[in-house]
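Peer 1: Please see the structure below; I have some questions.
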Amino acid sequence: MDGYDVVVVGGGAAGLNGALMLARARRSVVVLDAGAPRNAPADGVHGLLGREGMPPAELLERGRAEVRGYGGQVVPAEVESVERAGDGFEVRLADGRAVRARRVLVATGLVDELPDVPGLHERWGRDVLHCPYCHGWEVRDQAIGVLGSGPLSVHQALLLRQWSADVTFFPHTMAPPSAEEAEQLAARGIRVVEGEVDSLEIVDDRVVGLRMADGELVRRDAVAVAPRMVARVGFLKALGLEPVPHLAGEHLPSEAGRTEVPGVWVAGNITDLAAQVGGAAAAGAAAAGQINADLVAEETRVAVAVHRGGGAGAPPGAGERPARAGRGE
């Protein structure tokens with residue numbers, strides 16, 4: 001695989017929508033997909049107009065087909081590093097292959113780091129949830145427990161009160177709510193259970209409650225937790241791009257998708273931790289538009305220089321894709 005206009009790292013909603021826009025702009029583009037989507041455990045995608053409730057795997061498969069339908073490529077691959085190579089980039093893969101590109105769009109998303117409470121990981125994306133807007137409807141009117149895990153936990157409990165009148169907050173290993181927070185919780189009828197949570201109680205493949213360290217079982221139908229969210233960007237270190245602290249974890253800051261490294265854009269949860277599928281896809285499309293405009297500007301500068309010099313050559317433009325070795329699929 002060599003000689004692409006754009007390499008897209010990450011095959012989720014942001015990466016695929018960016019690749020779709022670039023392919024439709026007649027750019028040579030390849031998506032490198034490690035195949036580990038964040039929302040894989042979820043039953044369906046929610047809040048996405050026209051695709052409400054669609055299984056995440058089906059949405060991505062449709063996206064891959066659409067990208068390929070316009071001449072883009074989607075290749076299963078894990079990226080090891082991205083480095084400068086002349087006036088472009090070399091993307092090195094874990095299997096030893098390398099991809100060259102003029103521009104790079106990174107949409108690798110993030111990793112959710114959960115508290116070390118037995119049962120949380122096993123039920124993640126099922127009856128253990130984090131986003132009220134993604135999963136609140138599915139647990140409406142149920143007994144919901146909110147496990148304290150960070151600075152946004154009280155806010156999460158207050159949000160979930162919109163979906164259920166039976167919400168209980170467990171500070172767990174956090175400090176007790178402040179006086180102001182305690183008043184807010186009480187005013188909204190949210191019970192606070194002090195003490196450390198030992199584990200989730202599972203019966204017949206369902207959460208039935210939280211087992212406290214003192215042995216008490218507090219019955220709940222679903223558990224919400226605010227994970228620490230960390231952007232998947234380790235492979236960008238050679239470019240000097242590293243995540244920075246965020247209230248909810250770590251992210252890679254950008255200016256409307258443009259990073260501080262010229263030629264590298266980001267989209268989706270890697271830079272916007274709160275983005276849902278629709279927002280991530282929209283960010284991918286927006287970044288793709290910027291990338292294409294950037295390439296057009298570069299090609300126009302070269303074409304003007306050639307024109308002034310009386311030459312006949314010009315860089316690839318609309319429909320003129322640079323040659324590349326192999327399809328790589």
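The way I read the labels, and the way they are meant: chains A, B, ... in the order of the structure tokens, residue 1 as the first residue of every chain, and ligand 1 as the first ligand shown, with later ones counted on from there.
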Counting only C-alpha atoms, what is within 10 Å of stretch 48-56 of chain A, bar same-chain residues fewer than 3 positions away, as a PyMOL selection string?
Peer 2: chain A and resi 12-13+37-45+59-61+134+276-279
Peer 1: Next, write the just-selected residues to a file, as a CSV table (one decimal), in the first residue's frame, keeping N, CA, C and O atoms as the atom set.
Peer 2:
```csv
chain,number,residue,atom,x,y,z
A,12,GLY,N,-14.2,3.7,12.7
A,12,GLY,CA,-15.5,3.9,13.3
A,12,GLY,C,-16.3,5.0,12.5
A,12,GLY,O,-16.0,5.2,11.4
A,13,ALA,N,-17.3,5.5,13.2
A,13,ALA,CA,-18.2,6.5,12.5
A,13,ALA,C,-17.4,7.7,11.9
A,13,ALA,O,-17.7,8.1,10.8
A,37,PRO,N,-14.1,-1.4,17.9
A,37,PRO,CA,-15.0,-0.2,18.1
A,37,PRO,C,-15.4,-0.1,19.6
A,37,PRO,O,-15.7,-1.1,20.2
A,38,ARG,N,-15.4,1.1,20.1
A,38,ARG,CA,-15.8,1.4,21.5
A,38,ARG,C,-17.2,0.9,21.8
A,38,ARG,O,-17.4,0.4,22.9
A,39,ASN,N,-18.1,1.0,20.9
A,39,ASN,CA,-19.5,0.7,21.2
A,39,ASN,C,-19.9,-0.7,20.8
A,39,ASN,O,-21.1,-1.1,20.8
A,40,ALA,N,-18.9,-1.6,20.6
A,40,ALA,CA,-19.2,-3.0,20.3
A,40,ALA,C,-20.1,-3.7,21.2
A,40,ALA,O,-21.0,-4.5,20.8
A,41,PRO,N,-20.0,-3.5,22.6
A,41,PRO,CA,-20.9,-4.2,23.5
A,41,PRO,C,-22.3,-3.8,23.5
A,41,PRO,O,-23.2,-4.5,24.0
A,42,ALA,N,-22.6,-2.6,22.9
A,42,ALA,CA,-24.0,-2.1,22.9
A,42,ALA,C,-24.9,-2.8,22.0
A,42,ALA,O,-24.5,-3.3,20.9
A,43,ASP,N,-26.2,-3.0,22.3
A,43,ASP,CA,-27.1,-3.6,21.5
A,43,ASP,C,-27.5,-2.8,20.2
A,43,ASP,O,-27.8,-3.3,19.2
A,44,GLY,N,-27.5,-1.5,20.4
A,44,GLY,CA,-27.9,-0.6,19.3
A,44,GLY,C,-27.3,0.8,19.4
A,44,GLY,O,-26.9,1.2,20.5
A,45,VAL,N,-27.3,1.5,18.3
A,45,VAL,CA,-26.9,2.9,18.2
A,45,VAL,C,-28.1,3.7,18.5
A,45,VAL,O,-29.1,3.5,17.8
A,59,LEU,N,-24.1,-0.9,11.3
A,59,LEU,CA,-23.8,0.4,10.9
A,59,LEU,C,-22.4,0.6,10.3
A,59,LEU,O,-22.2,1.1,9.2
A,60,LEU,N,-21.4,0.0,10.9
A,60,LEU,CA,-20.1,0.0,10.4
A,60,LEU,C,-19.9,-0.7,9.1
A,60,LEU,O,-19.2,-0.3,8.2
A,61,GLU,N,-20.6,-1.9,9.0
A,61,GLU,CA,-20.5,-2.7,7.8
A,61,GLU,C,-21.1,-1.9,6.6
A,61,GLU,O,-20.5,-1.9,5.5
A,134,CYS,N,-27.4,8.1,25.4
A,134,CYS,CA,-27.3,6.8,24.6
A,134,CYS,C,-28.1,5.7,25.2
A,134,CYS,O,-28.6,4.9,24.4
A,276,GLN,N,-21.3,11.7,20.4
A,276,GLN,CA,-22.0,10.5,20.1
A,276,GLN,C,-21.8,10.1,18.7
A,276,GLN,O,-21.0,10.8,18.0
A,277,VAL,N,-22.4,9.0,18.2
A,277,VAL,CA,-22.1,8.5,16.9
A,277,VAL,C,-22.3,9.6,15.8
A,277,VAL,O,-21.5,9.8,14.9
A,278,GLY,N,-23.5,10.3,15.9
A,278,GLY,CA,-23.8,11.3,14.9
A,278,GLY,C,-22.8,12.4,14.9
A,278,GLY,O,-22.4,12.9,13.9
A,279,GLY,N,-22.5,12.9,16.1
A,279,GLY,CA,-21.5,14.0,16.2
A,279,GLY,C,-20.1,13.6,15.7
A,279,GLY,O,-19.4,14.4,15.0
```
Peer 1: For A:Ala248, please output as a list of chain:residue names all residues within 9 Å (counting only C-alpha atoms; exclusion window: fewer than 5 positions along the same chain).
Peer 2: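 In the requested format, the answer is A:Gly150, A:Pro151, A:Leu152, A:Ala226, A:Pro227, A:Arg228, A:Met229, A:Val230, A:Leu273.
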Peer 1: Could you write those residues out with N, CA, C and O atoms, as a compact mmCIF listing (two decimals), in the first residue's frame?
Peer 2:
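Written file, selection-v4.txt:
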```
# COMPACT_ATOMS: atom_id res chain seq x y z
N GLY A 150 -15.64 9.71 39.64
CA GLY A 150 -14.89 10.88 39.22
C GLY A 150 -15.67 12.16 39.41
O GLY A 150 -16.78 12.17 39.97
N PRO A 151 -15.13 13.28 38.94
CA PRO A 151 -15.73 14.59 39.18
C PRO A 151 -17.08 14.79 38.51
O PRO A 151 -17.80 15.74 38.86
N LEU A 152 -17.45 13.93 37.56
CA LEU A 152 -18.72 14.10 36.87
C LEU A 152 -19.81 13.18 37.40
O LEU A 152 -20.92 13.16 36.87
N ALA A 226 -19.22 6.76 35.37
CA ALA A 226 -18.50 7.66 34.48
C ALA A 226 -17.07 7.16 34.35
O ALA A 226 -16.27 7.32 35.28
N PRO A 227 -16.72 6.50 33.25
CA PRO A 227 -15.37 5.96 33.11
C PRO A 227 -14.35 7.07 32.87
O PRO A 227 -14.71 8.20 32.50
N ARG A 228 -13.10 6.74 33.07
CA ARG A 228 -12.02 7.64 32.68
C ARG A 228 -11.76 7.36 31.20
O ARG A 228 -11.43 6.23 30.82
N MET A 229 -11.91 8.36 30.36
CA MET A 229 -11.82 8.17 28.91
C MET A 229 -10.45 8.64 28.41
O MET A 229 -10.06 9.78 28.66
N VAL A 230 -9.76 7.76 27.71
CA VAL A 230 -8.40 8.03 27.28
C VAL A 230 -8.29 7.85 25.76
O VAL A 230 -8.61 6.78 25.23
N LEU A 273 -14.56 14.10 23.68
CA LEU A 273 -14.93 12.94 24.49
C LEU A 273 -16.43 12.75 24.60
O LEU A 273 -16.90 11.63 24.85
```
Peer 1: DSSP on the backbone, helix (DSSP H, G or I) only: what residues of stretch 73-159 of chain A does that give? Format it as a VMD selection string.
Peer 2: chain A and resid 120 to 123 132 to 135 137 to 139 153 to 159
Peer 1: Please produce a file of the residues just selected, as a CSV table (one decimal), in the first residue's frame, where the atoms kept are N, CA, C and O atoms.
Peer 2:
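Output below, filename again_22.csv:
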```csv
chain,number,residue,atom,x,y,z
A,120,LEU,N,-18.4,-5.0,36.8
A,120,LEU,CA,-18.6,-3.8,35.9
A,120,LEU,C,-18.2,-4.1,34.4
A,120,LEU,O,-18.9,-3.9,33.5
A,121,HIS,N,-17.0,-4.7,34.2
A,121,HIS,CA,-16.5,-5.0,32.9
A,121,HIS,C,-17.4,-6.0,32.2
A,121,HIS,O,-17.7,-5.8,31.0
A,122,GLU,N,-17.9,-7.0,32.9
A,122,GLU,CA,-18.7,-8.0,32.3
A,122,GLU,C,-20.0,-7.5,31.8
A,122,GLU,O,-20.6,-8.0,30.8
A,123,ARG,N,-20.6,-6.5,32.5
A,123,ARG,CA,-21.9,-6.0,32.1
A,123,ARG,C,-21.8,-4.7,31.3
A,123,ARG,O,-22.9,-4.1,31.0
A,132,PRO,N,-26.4,8.9,29.6
A,132,PRO,CA,-27.9,8.9,29.7
A,132,PRO,C,-28.5,9.1,28.3
A,132,PRO,O,-29.6,8.5,28.1
A,133,TYR,N,-27.9,9.8,27.4
A,133,TYR,CA,-28.5,10.1,26.1
A,133,TYR,C,-28.4,8.9,25.2
A,133,TYR,O,-29.3,8.7,24.3
A,134,CYS,N,-27.4,8.1,25.4
A,134,CYS,CA,-27.3,6.8,24.6
A,134,CYS,C,-28.1,5.7,25.2
A,134,CYS,O,-28.6,4.9,24.4
A,135,HIS,N,-28.3,5.6,26.5
A,135,HIS,CA,-28.9,4.4,27.1
A,135,HIS,C,-30.0,4.7,28.1
A,135,HIS,O,-30.6,3.8,28.6
A,137,TRP,N,-33.1,5.9,27.8
A,137,TRP,CA,-34.4,5.4,27.5
A,137,TRP,C,-34.5,3.9,27.8
A,137,TRP,O,-35.6,3.5,28.2
A,138,GLU,N,-33.5,3.2,27.6
A,138,GLU,CA,-33.5,1.7,27.8
A,138,GLU,C,-33.7,1.3,29.2
A,138,GLU,O,-34.1,0.2,29.5
A,139,VAL,N,-33.3,2.2,30.2
A,139,VAL,CA,-33.4,1.9,31.6
A,139,VAL,C,-34.4,2.9,32.3
A,139,VAL,O,-34.4,3.0,33.5
A,153,SER,N,-19.5,12.4,38.4
A,153,SER,CA,-20.5,11.4,38.9
A,153,SER,C,-21.8,12.0,39.5
A,153,SER,O,-22.9,11.5,39.2
A,154,VAL,N,-21.7,13.0,40.3
A,154,VAL,CA,-22.9,13.7,40.8
A,154,VAL,C,-23.7,14.2,39.7
A,154,VAL,O,-25.0,14.1,39.6
A,155,HIS,N,-23.1,14.9,38.7
A,155,HIS,CA,-23.8,15.4,37.5
A,155,HIS,C,-24.5,14.3,36.8
A,155,HIS,O,-25.6,14.4,36.3
A,156,GLN,N,-23.8,13.1,36.7
A,156,GLN,CA,-24.4,12.0,36.0
A,156,GLN,C,-25.7,11.5,36.7
A,156,GLN,O,-26.7,11.2,36.1
A,157,ALA,N,-25.6,11.5,38.1
A,157,ALA,CA,-26.8,11.1,38.9
A,157,ALA,C,-28.0,12.1,38.6
A,157,ALA,O,-29.1,11.7,38.5
A,158,LEU,N,-27.7,13.4,38.6
A,158,LEU,CA,-28.7,14.4,38.4
A,158,LEU,C,-29.3,14.2,37.0
A,158,LEU,O,-30.5,14.4,36.8
A,159,LEU,N,-28.5,13.9,36.0
A,159,LEU,CA,-29.0,13.7,34.7
A,159,LEU,C,-29.9,12.5,34.6
A,159,LEU,O,-31.0,12.6,34.0
```
Peer 1: Find the residues near stretch 17-22 of chain A: any atom within 6 Å, counting only C-alpha atoms, skip ones fewer than 4 places away on the same chain, and give them as a PDB file with C-alpha atoms, in the first residue's frame.
Peer 2:
```pdb
ATOM      1  CA  ALA A  13     -18.205   6.489  12.454  1.00  0.00           C
ATOM      2  CA  ARG A  27      -9.312  11.433  -3.424  1.00  0.00           C
ATOM      3  CA  VAL A  67     -16.621   3.902   1.236  1.00  0.00           C
ATOM      4  CA  ALA A 281     -19.579  11.137  11.946  1.00  0.00           C
ATOM      5  CA  GLY A 284     -15.251  13.202  10.266  1.00  0.00           C
ATOM      6  CA  ALA A 285     -17.090  14.762   7.344  1.00  0.00           C
ATOM      7  CA  ALA A 288     -12.533  15.580   5.310  1.00  0.00           C
TER       8      ALA A 288
END
```
Peer 1: Smallest atom-to-atom distance to A:Leu93: which of A:Gln184, A:Asn292, A:Ser149, A:Ser81, using only C-alpha atoms?
Peer 2: A:Ser81
Peer 1: Hey, can you check how far atom CA of A:Leu160 sits from atom CA of A:Ile144?
Peer 2: 8.1 Å
Peer 1: Might you pull out every residue within 12 Å of A:Val167, with only C-alpha atoms counted and same-chain residues fewer than 4 positions away left off, and present them as JSON, numbers by chain?
Peer 2: {"A": [139, 140, 141, 142, 143, 144, 145, 146, 147, 154, 156, 157, 158, 159, 160, 161, 162, 163, 185, 186, 188, 189, 190, 191, 192, 193, 218, 219, 220, 221, 222, 223, 224]}
Peer 1: Identify which of the residues A:Ser164, A:Ser199, A:Asn269, A:Gln290 lies closest to A:Val104, counting only C-alpha atoms when measuring atom-to-atom distances.
Peer 2: A:Gln290
Peer 1: Enumerate, as a PyMOL selection string, the complete set of residues in stretch 91-128 of chain A that a backbone-based DSSP assignment places in strand (DSSP E or B).
Peer 2: chain A and resi 91-93+98-106+110-113+124+128
Peer 1: A:His46, A:Arg102, A:Arg68, A:Arg97: which is nearest A:Asp294, counting only C-alpha atoms?
Peer 2: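 Checking each candidate against A:Asp294, we get A:Arg102 as the closest.
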Peer 1: Within 12 Å of A:Val106, counting only C-alpha atoms, which residues qualify if same-chain residues fewer than 5 places away don't, as a VMD selection string?
Peer 2: chain A and resid 6 to 16 18 to 19 30 to 33 79 81 to 82 91 231 to 236 241 252 254 257 to 259 263 to 271 280 283 to 284 287 to 288 291
Peer 1: To one decimal in Å, tell me the separation between atom CA of A:Ala25 and atom CA of A:Ala293.
Peer 2: 10.1 Å
Peer 1: With only C-alpha atoms as the basis for distance, which of A:Ala275, A:His246, A:Glu180, A:Gly119 is at the shortest distance from A:Val203?
Peer 2: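 Among the listed residues, A:Gly119 lies closest to A:Val203.
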Peer 1: Could you jot down the atom CA of A:Ala98 to atom CA of A:Ser28 separation for me, Å, one decimal place?
Peer 2: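 For atom CA of A:Ala98 relative to atom CA of A:Ser28, the distance reads 16.0 Å.
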